[in-house]
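For reference, target_18.txt (compact mmCIF, C-alpha atoms):
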```
# COMPACT_ATOMS: atom_id res chain seq x y z
CA MET A 1 237.64 107.23 59.91
CA GLU A 2 239.68 109.88 61.70
CA LEU A 3 241.33 109.48 65.08
CA VAL A 4 244.07 110.99 67.23
CA ILE A 5 247.06 108.83 68.13
CA ASP A 6 247.60 108.90 71.88
CA ALA A 7 250.62 106.65 72.38
CA LEU A 8 252.92 104.01 70.95
CA ALA A 9 252.25 100.31 71.49
CA ALA A 10 254.89 97.73 72.39
CA GLY A 11 254.65 96.25 68.91
CA GLY A 12 255.53 99.62 67.35
CA ASP A 13 252.10 100.77 66.15
CA GLY A 14 250.50 104.02 67.20
CA VAL A 15 247.39 103.67 69.35
CA GLY A 16 244.22 105.75 69.31
CA ARG A 17 240.58 105.33 70.23
CA ASP A 18 237.61 105.64 67.90
CA ASP A 19 234.42 107.49 68.75
CA ASP A 20 233.18 104.44 70.67
CA GLY A 21 236.37 104.24 72.75
CA ARG A 22 237.67 101.15 70.99
CA VAL A 23 241.48 100.82 70.96
CA THR A 24 242.79 101.06 67.39
CA PHE A 25 246.36 100.17 66.35
CA VAL A 26 247.79 102.07 63.39
CA PRO A 27 251.34 101.56 62.06
CA ALA A 28 253.48 104.47 60.85
CA THR A 29 251.82 106.94 63.23
CA ALA A 30 253.23 109.00 66.11
CA PRO A 31 251.74 110.37 69.33
CA GLY A 32 249.66 113.46 68.66
CA ASP A 33 249.00 112.66 64.99
CA ARG A 34 245.49 113.25 63.72
CA ALA A 35 245.12 110.60 61.06
CA ARG A 36 242.67 109.24 58.54
CA VAL A 37 242.75 105.45 58.71
CA GLN A 38 241.15 102.47 57.00
CA LEU A 39 239.88 99.82 59.37
CA GLY A 40 241.08 96.26 58.87
CA ARG A 41 240.67 93.55 61.49
CA VAL A 42 238.01 94.53 64.02
CA THR A 43 236.94 92.91 67.30
CA SER A 44 234.59 94.09 70.04
CA SER A 45 237.47 95.56 72.06
CA TYR A 46 240.16 96.60 69.57
CA ALA A 47 240.87 97.13 65.90
CA HIS A 48 243.78 97.26 63.48
CA ALA A 49 243.85 99.90 60.78
CA GLU A 50 246.11 101.16 58.00
CA LEU A 51 247.20 104.76 57.71
CA VAL A 52 245.60 106.61 54.80
CA GLU A 53 247.02 110.04 55.54
CA VAL A 54 248.28 112.19 58.39
CA ILE A 55 245.84 115.10 58.56
CA ALA A 56 247.82 116.98 61.20
CA PRO A 57 251.21 115.71 62.47
CA GLY A 58 251.80 115.44 66.20
CA PRO A 59 254.76 117.08 67.97
CA SER A 60 256.75 113.84 67.99
CA ARG A 61 256.51 113.17 64.24
CA VAL A 62 259.72 113.70 62.24
CA ALA A 63 260.76 113.07 58.67
CA PRO A 64 262.42 109.64 58.26
CA VAL A 65 266.08 109.77 57.32
CA CYS A 66 265.96 106.65 55.16
CA PRO A 67 264.26 106.84 51.74
CA GLN A 68 263.34 103.16 52.00
CA VAL A 69 260.69 104.03 54.62
CA ALA A 70 258.52 105.66 51.96
CA ARG A 71 258.80 102.46 49.92
CA GLY A 72 257.40 100.41 52.79
CA CYS A 73 260.58 98.89 54.21
CA GLY A 74 259.79 97.05 57.42
CA GLY A 75 263.26 97.29 58.93
CA CYS A 76 262.54 100.28 61.19
CA ALA A 77 259.17 100.89 62.81
CA TRP A 78 259.97 104.30 64.28
CA GLN A 79 262.07 106.41 61.95
CA HIS A 80 259.11 108.81 61.85
CA VAL A 81 259.14 109.20 65.67
CA ALA A 82 261.38 111.74 67.45
CA ARG A 83 264.13 110.17 69.55
CA GLY A 84 262.80 111.56 72.84
CA ALA A 85 259.37 110.09 72.16
CA GLN A 86 260.94 106.71 71.38
CA LEU A 87 262.77 106.66 74.70
CA ALA A 88 259.69 107.79 76.63
CA ALA A 89 257.66 105.02 75.02
CA LYS A 90 260.19 102.36 75.94
CA GLN A 91 260.34 103.63 79.51
CA GLY A 92 256.57 103.33 79.63
CA PHE A 93 256.60 99.80 78.20
CA VAL A 94 258.83 98.62 81.03
CA GLU A 95 257.07 100.54 83.81
CA ARG A 96 253.63 99.32 82.76
CA GLY A 97 254.77 95.80 81.97
CA LEU A 98 256.41 95.31 85.39
CA ARG A 99 253.92 97.31 87.49
CA ALA A 100 252.74 94.19 89.33
CA LEU A 101 256.18 93.73 90.93
CA ALA A 102 255.71 95.58 94.21
CA GLY A 103 258.58 97.81 95.33
CA LEU A 104 260.41 97.58 92.02
CA ARG A 105 262.49 100.58 91.01
CA VAL A 106 262.51 101.09 87.24
CA HIS A 107 265.53 103.20 86.38
CA PRO A 108 265.54 105.74 83.52
CA VAL A 109 266.04 104.11 80.15
CA ASP A 110 269.68 103.94 79.08
CA ASP A 111 270.42 105.38 75.63
CA PRO A 112 273.93 104.14 74.72
CA CYS A 113 273.66 104.04 70.92
CA PRO A 114 273.75 106.71 68.22
CA PRO A 115 270.33 107.14 66.60
CA LEU A 116 271.64 105.75 63.29
CA GLY A 117 274.66 103.78 62.15
CA TRP A 118 274.61 101.44 65.15
CA ARG A 119 273.73 98.05 63.64
CA ARG A 120 276.64 95.60 63.63
CA ARG A 121 274.55 92.53 62.78
CA ALA A 122 271.96 92.36 60.01
CA ARG A 123 270.01 89.86 57.95
CA PHE A 124 268.63 90.51 54.50
CA HIS A 125 266.55 88.62 51.96
CA VAL A 126 267.70 87.88 48.42
CA ARG A 127 265.34 87.28 45.52
CA GLY A 128 266.43 87.14 41.90
CA GLY A 129 269.84 88.39 42.95
CA GLU A 130 268.36 91.54 44.50
CA VAL A 131 268.96 92.22 48.19
CA GLY A 132 266.61 93.93 50.60
CA LEU A 133 264.18 93.69 53.48
CA TYR A 134 260.54 92.71 53.60
CA ALA A 135 257.87 95.35 53.66
CA ARG A 136 255.99 95.56 56.93
CA ALA A 137 253.73 92.56 57.59
CA SER A 138 254.42 91.00 54.20
CA HIS A 139 256.91 89.04 52.10
CA ARG A 140 257.18 91.77 49.49
CA LEU A 141 260.86 92.52 48.98
CA VAL A 142 261.95 96.15 49.24
CA VAL A 143 265.30 96.38 47.50
CA VAL A 144 267.78 98.18 49.76
CA ASP A 145 270.75 99.86 48.07
CA GLY A 146 272.05 101.14 51.39
CA CYS A 147 270.86 101.22 54.99
CA PRO A 148 271.62 104.12 57.38
CA GLN A 149 271.22 101.77 60.35
CA LEU A 150 274.38 99.81 59.48
CA GLU A 151 277.70 100.61 61.09
CA PRO A 152 279.88 102.30 58.45
CA ALA A 153 282.14 99.26 58.10
CA LEU A 154 279.14 96.99 57.64
CA ALA A 155 277.63 99.39 55.10
CA ALA A 156 280.84 99.23 53.04
CA ALA A 157 280.77 95.43 53.09
CA TYR A 158 277.08 95.41 52.20
CA ALA A 159 277.80 97.35 49.02
CA GLU A 160 280.36 94.71 48.00
CA VAL A 161 277.94 91.87 48.73
CA VAL A 162 275.09 93.46 46.77
CA ALA A 163 277.35 94.00 43.76
CA ALA A 164 278.32 90.31 43.86
CA ARG A 165 274.65 89.23 43.55
CA PRO A 166 274.35 86.59 46.28
CA PRO A 167 272.09 83.54 45.84
CA ASP A 168 268.40 83.69 46.71
CA GLY A 169 267.48 83.11 50.32
CA GLU A 170 268.72 84.65 53.55
CA LEU A 171 271.90 86.70 53.85
CA ALA A 172 273.59 87.40 57.21
CA MET A 173 276.34 89.90 57.98
CA LEU A 174 278.31 90.71 61.13
CA VAL A 175 281.05 93.22 61.88
CA ASN A 176 283.33 93.40 64.92
CA ASP A 177 284.97 96.38 66.60
CA ARG A 178 288.02 96.06 64.30
CA GLY A 179 285.88 96.46 61.18
CA GLU A 180 286.22 92.79 60.22
CA VAL A 181 283.11 91.44 58.52
CA ALA A 182 281.65 87.94 58.29
CA VAL A 183 279.18 87.14 55.50
CA ALA A 184 277.07 84.02 55.09
CA THR A 185 274.10 82.83 53.05
CA MET A 186 271.69 80.00 53.73
CA ALA A 187 272.19 78.81 50.16
CA THR A 188 275.58 77.55 49.01
CA TRP A 189 277.63 80.42 47.55
CA PRO A 190 281.11 79.29 46.45
CA ALA A 191 281.78 82.68 44.81
CA ALA A 192 281.63 84.35 48.22
CA LYS A 193 285.30 83.47 48.78
CA ALA A 194 286.16 86.11 46.20
CA LEU A 195 284.77 88.76 48.55
CA VAL A 196 287.47 88.19 51.16
CA GLY A 197 289.70 91.25 51.30
CA ARG A 198 287.03 93.58 49.93
CA GLY A 199 284.97 95.94 52.09
CA GLY A 200 286.54 94.55 55.26
CA ILE A 201 285.20 91.04 54.60
CA VAL A 202 287.44 88.41 56.21
CA ALA A 203 285.07 85.46 56.69
CA THR A 204 282.41 83.79 54.55
CA GLY A 205 280.12 80.82 54.96
CA GLY A 206 280.62 79.18 58.35
CA ASP A 207 283.89 80.98 59.10
CA ASP A 208 283.89 83.08 62.27
CA ILE A 209 285.42 86.31 63.53
CA ASP A 210 286.41 87.72 66.92
CA LEU A 211 283.42 89.24 68.72
CA ASP A 212 283.04 90.46 72.31
CA GLY A 213 285.99 88.39 73.47
CA GLY A 214 284.79 85.21 71.74
CA ARG A 215 284.12 83.97 68.22
CA ALA A 216 280.96 84.22 66.10
CA THR A 217 279.77 83.46 62.58
CA ALA A 218 277.44 85.73 60.63
CA PHE A 219 274.44 83.57 61.58
CA ASP A 220 275.28 83.31 65.29
CA PHE A 221 273.20 85.39 67.69
CA ALA A 222 274.78 88.61 68.90
CA GLN A 223 273.30 91.81 70.25
CA ALA A 224 272.55 94.07 67.31
CA SER A 225 274.62 97.05 68.46
CA THR A 226 278.12 97.28 69.91
CA ALA A 227 277.25 100.06 72.37
CA GLY A 228 273.98 98.38 73.33
CA ASN A 229 275.76 95.12 74.04
CA ALA A 230 278.37 96.86 76.19
CA ALA A 231 275.59 98.54 78.20
CA ILE A 232 273.71 95.28 78.71
CA ARG A 233 276.84 93.43 79.78
CA SER A 234 277.93 96.19 82.17
CA ARG A 235 274.48 96.41 83.75
CA ALA A 236 274.07 92.63 84.09
CA VAL A 237 277.48 92.27 85.78
CA ALA A 238 276.73 95.14 88.16
CA ALA A 239 273.30 93.69 88.94
CA VAL A 240 274.77 90.36 90.00
CA GLY A 241 277.28 92.17 92.20
CA ALA A 242 280.54 90.88 93.59
CA PRO A 243 280.83 87.22 94.65
CA PRO A 244 279.92 86.95 98.36
CA THR A 245 282.85 84.59 98.98
CA ALA A 246 285.92 83.44 97.11
CA GLY A 247 284.94 80.70 94.67
CA ALA A 248 281.21 81.50 94.81
CA VAL A 249 279.45 79.90 91.86
CA LEU A 250 277.12 81.60 89.39
CA LEU A 251 275.02 79.39 87.13
CA GLU A 252 274.37 81.06 83.79
CA LEU A 253 271.48 79.83 81.65
CA HIS A 254 271.14 80.67 77.95
CA ALA A 255 274.81 81.65 77.88
CA GLY A 256 275.05 81.59 74.07
CA GLY A 257 278.57 82.32 72.88
CA GLY A 258 279.66 83.50 76.34
CA ASN A 259 279.12 87.24 75.89
CA LEU A 260 277.89 87.79 79.46
CA THR A 261 279.87 84.84 80.81
CA ARG A 262 283.15 86.66 80.28
CA GLY A 263 281.84 89.68 82.15
CA TYR A 264 280.74 87.63 85.15
CA ARG A 265 284.11 85.87 85.30
CA ALA A 266 285.99 89.16 85.08
CA ALA A 267 283.99 90.27 88.14
CA GLY A 268 285.39 87.33 90.10
CA TRP A 269 282.62 84.75 89.79
CA ARG A 270 283.20 81.09 89.16
CA VAL A 271 280.71 80.63 86.31
CA VAL A 272 279.02 77.44 85.16
CA ALA A 273 277.61 78.36 81.73
CA SER A 274 274.92 76.38 79.96
CA ASP A 275 272.98 76.56 76.71
CA LEU A 276 271.77 74.47 73.81
CA ALA A 277 274.77 75.82 71.89
CA THR A 278 277.74 73.50 71.55
CA ARG A 279 280.13 76.24 72.72
CA ALA A 280 278.62 76.22 76.21
CA GLU A 281 280.22 74.19 79.00
CA LEU A 282 276.91 72.45 79.74
CA VAL A 283 274.83 71.67 76.69
CA GLY A 284 271.12 71.23 77.16
CA ASP A 285 267.78 72.80 77.82
CA ALA A 286 267.80 75.17 80.80
CA ALA A 287 265.26 73.11 82.75
CA ASP A 288 267.29 69.93 82.23
CA VAL A 289 270.52 71.64 83.28
CA LEU A 290 268.89 72.92 86.47
CA ALA A 291 267.58 69.45 87.27
CA ALA A 292 270.99 67.86 86.76
CA GLN A 293 273.04 70.33 88.80
CA ALA A 294 273.54 69.91 92.54
CA GLY A 295 274.66 73.48 93.26
CA PRO A 296 274.83 75.37 95.49
CA PHE A 297 274.70 78.55 93.44
CA ALA A 298 275.06 81.97 95.02
CA ALA A 299 273.52 83.52 91.90
CA ILE A 300 271.72 82.47 88.75
CA ALA A 301 271.79 84.66 85.64
CA LEU A 302 269.80 84.07 82.49
CA ASP A 303 269.32 85.71 79.10
CA PRO A 304 266.58 83.67 77.41
CA PRO A 305 264.99 84.18 74.00
CA ARG A 306 261.85 86.28 73.53
CA THR A 307 259.65 83.38 74.69
CA GLY A 308 261.16 83.63 78.16
CA ALA A 309 262.18 80.92 80.60
CA ALA A 310 258.94 79.57 82.09
CA ASP A 311 260.24 75.98 82.07
CA ALA A 312 263.32 77.00 84.04
CA MET A 313 261.54 78.81 86.87
CA PRO A 314 260.84 75.69 89.02
CA GLY A 315 264.52 74.77 88.86
CA VAL A 316 265.67 78.28 89.73
CA ILE A 317 263.31 78.30 92.72
CA ARG A 318 264.52 74.87 93.85
CA HIS A 319 268.19 75.99 93.83
CA ALA A 320 267.23 79.16 95.78
CA PRO A 321 270.17 81.40 94.84
CA ASP A 322 270.48 84.64 96.78
CA VAL A 323 270.38 86.69 93.55
CA VAL A 324 268.71 86.18 90.18
CA VAL A 325 269.56 88.45 87.26
CA TYR A 326 267.30 88.14 84.24
CA VAL A 327 268.18 89.83 80.94
CA ALA A 328 265.10 90.09 78.73
CA CYS A 329 264.14 91.35 75.31
CA ASP A 330 260.40 90.92 75.97
CA VAL A 331 258.77 92.69 78.90
CA ALA A 332 255.67 90.48 78.94
CA THR A 333 257.52 87.19 79.34
CA LEU A 334 259.88 88.82 81.84
CA ALA A 335 256.90 89.90 83.96
CA ARG A 336 255.40 86.41 83.78
CA ASP A 337 258.60 84.67 84.89
CA ALA A 338 259.41 87.27 87.57
CA ALA A 339 255.95 86.79 89.06
CA ARG A 340 256.77 83.11 89.59
CA LEU A 341 259.93 84.04 91.47
CA VAL A 342 258.16 86.67 93.58
CA ALA A 343 255.50 84.12 94.54
CA ALA A 344 258.33 81.85 95.70
CA GLY A 345 259.87 84.42 98.04
CA TYR A 346 261.94 86.73 95.85
CA ARG A 347 261.75 90.52 95.62
CA ALA A 348 262.31 92.35 92.35
CA THR A 349 264.46 95.31 93.41
CA ASP A 350 265.63 97.04 90.23
CA ALA A 351 264.94 97.06 86.51
CA TRP A 352 267.19 98.81 84.01
CA PRO A 353 265.70 99.44 80.53
CA ILE A 354 268.28 99.73 77.75
CA ASP A 355 267.54 100.99 74.25
CA ALA A 356 270.01 98.89 72.29
CA MET A 357 268.09 99.28 68.99
CA PRO A 358 267.07 102.89 68.19
CA GLN A 359 264.32 103.50 65.61
CA THR A 360 262.65 100.22 66.63
CA ALA A 361 260.18 99.26 69.35
CA HIS A 362 262.61 96.79 70.93
CA VAL A 363 263.85 97.37 74.47
CA GLU A 364 266.17 95.25 76.61
CA VAL A 365 265.68 94.98 80.37
CA VAL A 366 268.02 93.81 83.12
CA LEU A 367 266.02 92.77 86.20
CA ARG A 368 267.51 92.01 89.62
CA LEU A 369 265.69 89.83 92.14
CA VAL A 370 266.85 88.80 95.62
CA ARG A 371 265.56 86.30 98.14
CA ASP A 372 263.62 88.04 100.89
CA SER A 373 266.36 87.21 103.41
CA VAL A 374 268.99 88.99 101.32
CA ALA A 375 269.44 92.75 101.59
CA ALA A 376 269.26 94.80 98.44
CA PRO A 377 272.48 96.63 97.47
```
Is it possible to express this structure as structure tokens?
Amino acid sequence: MELVIDALAAGGDGVGRDDDGRVTFVPATAPGDRARVQLGRVTSSYAHAELVEVIAPGPSRVAPVCPQVARGCGGCAWQHVARGAQLAAKQGFVERGLRALAGLRVHPVDDPCPPLGWRRRARFHVRGGEVGLYARASHRLVVVDGCPQLEPALAAAYAEVVAARPPDGELAMLVNDRGEVAVATMATWPAAKALVGRGGIVATGGDDIDLDGGRATAFDFAQASTAGNAAIRSRAVAAVGAPPTAGAVLLELHAGGGNLTRGYRAAGWRVVASDLATRAELVGDAADVLAAQAGPFAAIALDPPRTGAADAMPGVIRHAPDVVVYVACDVATLARDAARLVAAGYRATDAWPIDAMPQTAHVEVVLRLVRDSVAAP
């Protein structure tokens, strides 16, 4: 059937409505496209379809820079969408997702990264010695000779790794701001040591490199872009604000390798950092850490995984910090957890969307909440 794409969905697909008004999700489409599609999964209220052809392109459709897109590479959902339309869509995701938080100010989306060449961390799949990414919604390997999303230093290292034919399985790569690269594979790869000194590679296997003031291996979590990470850290620190008194304590949940921790401490906070990671000061699940700590905490900051922090909300409410700063990569789970805090007497004052991953549907959000008795800044 034919339909017009009206908008972009949070998962990255274009969205249109059929003649009966049913919402239909179509990947690889852009707002304004008139498209011929083939229906797939259908329910009474929505449908998923595959793009057959673009009959008439919309004003936000552009030609993808990367040739792998035409081969079905699933690494970038939006290379066919103009940058302005990407940013507008992400702004809309956050505004709609958090609309139930009364009085919230959603600031304009921050755009700190270049449109391409921003990725400092990447994972690839290896099969039969060939390296690439999976095609969208499948396990079909699309061999990638080069990726325009990689930072130049990481792209140079990637070429060396591909030529060395790594073992089958998952391959991880990470580059720091000095151009030093860490490479690791899930499978044992003794020959990787021979890569050290080539293409900026200085660490292999479980060896780590300097990153954001700490240390990280290729498989450790880190924000995907250097500029995006700097924007998130700056915004999170500003959202917490200055310590109200000397020695005021901030409890940080999901601290990871201490990326945000160092920013909070530089702002004058005494930080108690916790995570399941062994590098954290307190090791354990966020809910268990909250239950074990006596406090008091002037602020609590958290940066949970995509699933959110539902289990931690009762503990945050019990400690009753004046300020809660929540860094999220999923608007839906952020809205769910924030609603719990609002019901307990907090006000969501400000949300800052940050596009740390251009050409994708991902958006980071820093949300600030205060207890009703505390004035907003």
Original post:
With only C-alpha atoms as the basis for distance, which of A:Gly284, A:Gly128, A:Gly117, A:Gly206 is at the shortest distance from Met173 of chain A?
Top reply: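 Distance minimum relative to Met173 of chain A lands on A:Gly206.
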Original post:
Excluding same-chain residues fewer than 5 positions from segment 348-360 of chain A, what lies within 6 Å of it counting all atoms listed in the file, as a list in words?
Top reply: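 Here the answer would be Cys76, Ala77, Trp78, Gln79, Leu104, Arg105, Val106, His107, Val109, Asp110, Asp111, Pro115, Gly228, Val365, Val366, Leu367, Arg368 and Leu369 of chain A.
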Original post:
Counting only C-alpha atoms, which of A:Ala49, A:Pro67, A:Ala338, A:Ala191 gets nearest to Ala309 of chain A?
Top reply: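 Selected residue with least distance to Ala309 of chain A: A:Ala338.
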**OP:** Rank nothing, just name the residue among A:Ala286, A:Val52, A:Val143, A:Ala9 nearest to Gly74 of chain A, using only C-alpha atoms.
**Re:** A:Val143
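For the set A:Ala47, A:Ala255, A:Leu141, A:Val175, the residue with the smallest atom-to-atom gap to Asp20 of chain A is A:Ala47, counting all atoms listed in the file.
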**OP:** For each of A:Gly40, A:Pro114, A:Pro148, A:Gly132, take the minimum atom-to-atom distance to Pro64 of chain A, counting all atoms listed in the file, then give the residue where this is smallest.
**Re:**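 Of all the options, A:Pro148 lies closest to Pro64 of chain A.
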Original post:
Between A:Gly92, A:Met1, A:Phe25, A:Val327, which has the minimum distance to Thr43 of chain A (counting all atoms listed in the file)?
Top reply: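 Checking each candidate against Thr43 of chain A, we get A:Phe25 as the closest.
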Subject >> Within 7 Å of segment 245-251 of chain A using only C-alpha atoms, minus same-chain residues under 2 positions, as an NGL selection string >> reply: :A and (243 or 253 or 269-273 or 297-301)
Original post:
Could you name the residues that touch Val196 of chain A at 12 Å or less, counting all atoms listed in the file, but leaving out those on the same chain fewer than 5 positions away, as a list in words?
Top reply: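 In the requested format, the answer is Ala157, Glu160, Val161, Ala164, Glu180, Val181, Ala182, Val183, Ala184, Pro190, Ala191, Ile201, Val202, Ala203, Thr204, Gly205 and Asp207 of chain A.
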Save out the residues we just selected, C-alpha atoms, as an mmCIF file, in the frame of the given file.
```
data_model
loop_
_atom_site.group_PDB
_atom_site.id
_atom_site.type_symbol
_atom_site.label_atom_id
_atom_site.label_comp_id
_atom_site.auth_asym_id
_atom_site.auth_seq_id
_atom_site.Cartn_x
_atom_site.Cartn_y
_atom_site.Cartn_z
ATOM 1 C CA ALA A 157 280.770 95.430 53.090
ATOM 2 C CA GLU A 160 280.360 94.710 48.000
ATOM 3 C CA VAL A 161 277.940 91.870 48.730
ATOM 4 C CA ALA A 164 278.320 90.310 43.860
ATOM 5 C CA GLU A 180 286.220 92.790 60.220
ATOM 6 C CA VAL A 181 283.110 91.440 58.520
ATOM 7 C CA ALA A 182 281.650 87.940 58.290
ATOM 8 C CA VAL A 183 279.180 87.140 55.500
ATOM 9 C CA ALA A 184 277.070 84.020 55.090
ATOM 10 C CA PRO A 190 281.110 79.290 46.450
ATOM 11 C CA ALA A 191 281.780 82.680 44.810
ATOM 12 C CA ILE A 201 285.200 91.040 54.600
ATOM 13 C CA VAL A 202 287.440 88.410 56.210
ATOM 14 C CA ALA A 203 285.070 85.460 56.690
ATOM 15 C CA THR A 204 282.410 83.790 54.550
ATOM 16 C CA GLY A 205 280.120 80.820 54.960
ATOM 17 C CA ASP A 207 283.890 80.980 59.100
#
```
Hey, what's within 12 Å of Val4 of chain A if we count all atoms listed in the file and toss same-chain stuff fewer than 4 positions away? As a PDB file with C-alpha atoms, in the coordinates of the input, please?
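The file below, result05.pdb, is the result:
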```pdb
ATOM      1  CA  LEU A   8     252.920 104.010  70.950  1.00  0.00           C
ATOM      2  CA  GLY A  14     250.500 104.020  67.200  1.00  0.00           C
ATOM      3  CA  VAL A  15     247.390 103.670  69.350  1.00  0.00           C
ATOM      4  CA  GLY A  16     244.220 105.750  69.310  1.00  0.00           C
ATOM      5  CA  ARG A  17     240.580 105.330  70.230  1.00  0.00           C
ATOM      6  CA  ASP A  18     237.610 105.640  67.900  1.00  0.00           C
ATOM      7  CA  ASP A  19     234.420 107.490  68.750  1.00  0.00           C
ATOM      8  CA  GLY A  21     236.370 104.240  72.750  1.00  0.00           C
ATOM      9  CA  VAL A  23     241.480 100.820  70.960  1.00  0.00           C
ATOM     10  CA  THR A  24     242.790 101.060  67.390  1.00  0.00           C
ATOM     11  CA  PHE A  25     246.360 100.170  66.350  1.00  0.00           C
ATOM     12  CA  VAL A  26     247.790 102.070  63.390  1.00  0.00           C
ATOM     13  CA  THR A  29     251.820 106.940  63.230  1.00  0.00           C
ATOM     14  CA  ALA A  30     253.230 109.000  66.110  1.00  0.00           C
ATOM     15  CA  PRO A  31     251.740 110.370  69.330  1.00  0.00           C
ATOM     16  CA  GLY A  32     249.660 113.460  68.660  1.00  0.00           C
ATOM     17  CA  ASP A  33     249.000 112.660  64.990  1.00  0.00           C
ATOM     18  CA  ARG A  34     245.490 113.250  63.720  1.00  0.00           C
ATOM     19  CA  ALA A  35     245.120 110.600  61.060  1.00  0.00           C
ATOM     20  CA  ARG A  36     242.670 109.240  58.540  1.00  0.00           C
ATOM     21  CA  VAL A  37     242.750 105.450  58.710  1.00  0.00           C
ATOM     22  CA  LEU A  51     247.200 104.760  57.710  1.00  0.00           C
ATOM     23  CA  VAL A  54     248.280 112.190  58.390  1.00  0.00           C
ATOM     24  CA  ILE A  55     245.840 115.100  58.560  1.00  0.00           C
ATOM     25  CA  ALA A  56     247.820 116.980  61.200  1.00  0.00           C
ATOM     26  CA  PRO A  57     251.210 115.710  62.470  1.00  0.00           C
ATOM     27  CA  GLY A  58     251.800 115.440  66.200  1.00  0.00           C
TER      28      GLY A  58
END
```
Original post:
Near Arg120 of chain A, within 9 Å and counting all atoms listed in the file, which residues show up once chain neighbours fewer than 2 positions away are dropped, as a list in words?
Top reply: Gly117, Trp118, Ala122, Gln149, Leu150, Glu151, Ala153, Leu154, Met173, Leu174, Val175, Asn176, Asp177, Ala222, Gln223, Ala224, Ser225 and Thr226 of chain A
Original post:
atom CA of Gly97 of chain A to atom CA of Gly308 of chain A: how many Å, to one decimal?
Top reply: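 These two atoms are separated by 14.3 Å.
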Between segment 133-236 of chain A and segment 68-72 of chain A, at 12 Å or less, what are the per-residue closest atom pairs and their distances in Å? Count all atoms listed in the file, order by chain and rising residue number, and return it as JSON lines.
```
{"residue": "A:Leu133", "atom": "CA", "partner": "A:Gly72", "partner_atom": "CA", "distance": 9.6}
{"residue": "A:Tyr134", "atom": "CA", "partner": "A:Gly72", "partner_atom": "CA", "distance": 8.4}
{"residue": "A:Ala135", "atom": "CA", "partner": "A:Gly72", "partner_atom": "CA", "distance": 5.2}
{"residue": "A:Arg136", "atom": "CA", "partner": "A:Gly72", "partner_atom": "CA", "distance": 6.5}
{"residue": "A:Ala137", "atom": "CA", "partner": "A:Gly72", "partner_atom": "CA", "distance": 9.9}
{"residue": "A:Ser138", "atom": "CA", "partner": "A:Gly72", "partner_atom": "CA", "distance": 10.0}
{"residue": "A:His139", "atom": "CA", "partner": "A:Gly72", "partner_atom": "CA", "distance": 11.4}
{"residue": "A:Arg140", "atom": "CA", "partner": "A:Gly72", "partner_atom": "CA", "distance": 9.3}
{"residue": "A:Leu141", "atom": "CA", "partner": "A:Gly72", "partner_atom": "CA", "distance": 9.4}
{"residue": "A:Val142", "atom": "CA", "partner": "A:Arg71", "partner_atom": "CA", "distance": 7.1}
{"residue": "A:Val143", "atom": "CA", "partner": "A:Gln68", "partner_atom": "CA", "distance": 8.4}
{"residue": "A:Val144", "atom": "CA", "partner": "A:Gln68", "partner_atom": "CA", "distance": 7.0}
{"residue": "A:Asp145", "atom": "CA", "partner": "A:Gln68", "partner_atom": "CA", "distance": 9.0}
{"residue": "A:Gly146", "atom": "CA", "partner": "A:Gln68", "partner_atom": "CA", "distance": 9.0}
{"residue": "A:Cys147", "atom": "CA", "partner": "A:Gln68", "partner_atom": "CA", "distance": 8.3}
{"residue": "A:Pro148", "atom": "CA", "partner": "A:Gln68", "partner_atom": "CA", "distance": 9.9}
{"residue": "A:Gln149", "atom": "CA", "partner": "A:Gln68", "partner_atom": "CA", "distance": 11.6}
```
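Our summary of the geometry notes that atom CA of Arg121 of chain A is positioned 27.3 Å from atom CA of Val240 of chain A.
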Original post:
Which value, in Å to one decimal, gives the distance between atom CA of Ala218 of chain A and atom CA of Ala172 of chain A?
Top reply: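 Atom CA of Ala172 of chain A lies at a distance of 5.4 Å from atom CA of Ala218 of chain A.
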Let me know the centre plus edge lengths, in Å and rounded to one decimal, of a box with edges along x, y and z that contains all listed atoms of segment 181-198 of chain A and is padded by 4 Å on every side, as JSON.
```
{"center_x": 280.7, "center_y": 85.6, "center_z": 51.7, "size_x": 26.0, "size_y": 24.0, "size_z": 21.7}
```
Written-out segment 211-222 of chain A (C-alpha atoms) as a PDB file, in the first residue's frame:
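Full text of result-v2.pdb as output:
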```pdb
ATOM      1  CA  LEU A 211      39.628   7.864  29.398  1.00  0.00           C
ATOM      2  CA  ASP A 212      37.779  10.870  30.828  1.00  0.00           C
ATOM      3  CA  GLY A 213      40.163  11.124  33.768  1.00  0.00           C
ATOM      4  CA  GLY A 214      39.952   7.404  34.592  1.00  0.00           C
ATOM      5  CA  ARG A 215      40.817   4.082  32.976  1.00  0.00           C
ATOM      6  CA  ALA A 216      38.752   1.885  30.651  1.00  0.00           C
ATOM      7  CA  THR A 217      39.102  -1.267  28.578  1.00  0.00           C
ATOM      8  CA  ALA A 218      37.586  -1.673  25.124  1.00  0.00           C
ATOM      9  CA  PHE A 219      34.612  -3.558  26.578  1.00  0.00           C
ATOM     10  CA  ASP A 220      33.927  -1.107  29.425  1.00  0.00           C
ATOM     11  CA  PHE A 221      30.936   1.188  29.048  1.00  0.00           C
ATOM     12  CA  ALA A 222      31.689   4.727  27.936  1.00  0.00           C
TER      13      ALA A 222
END
```
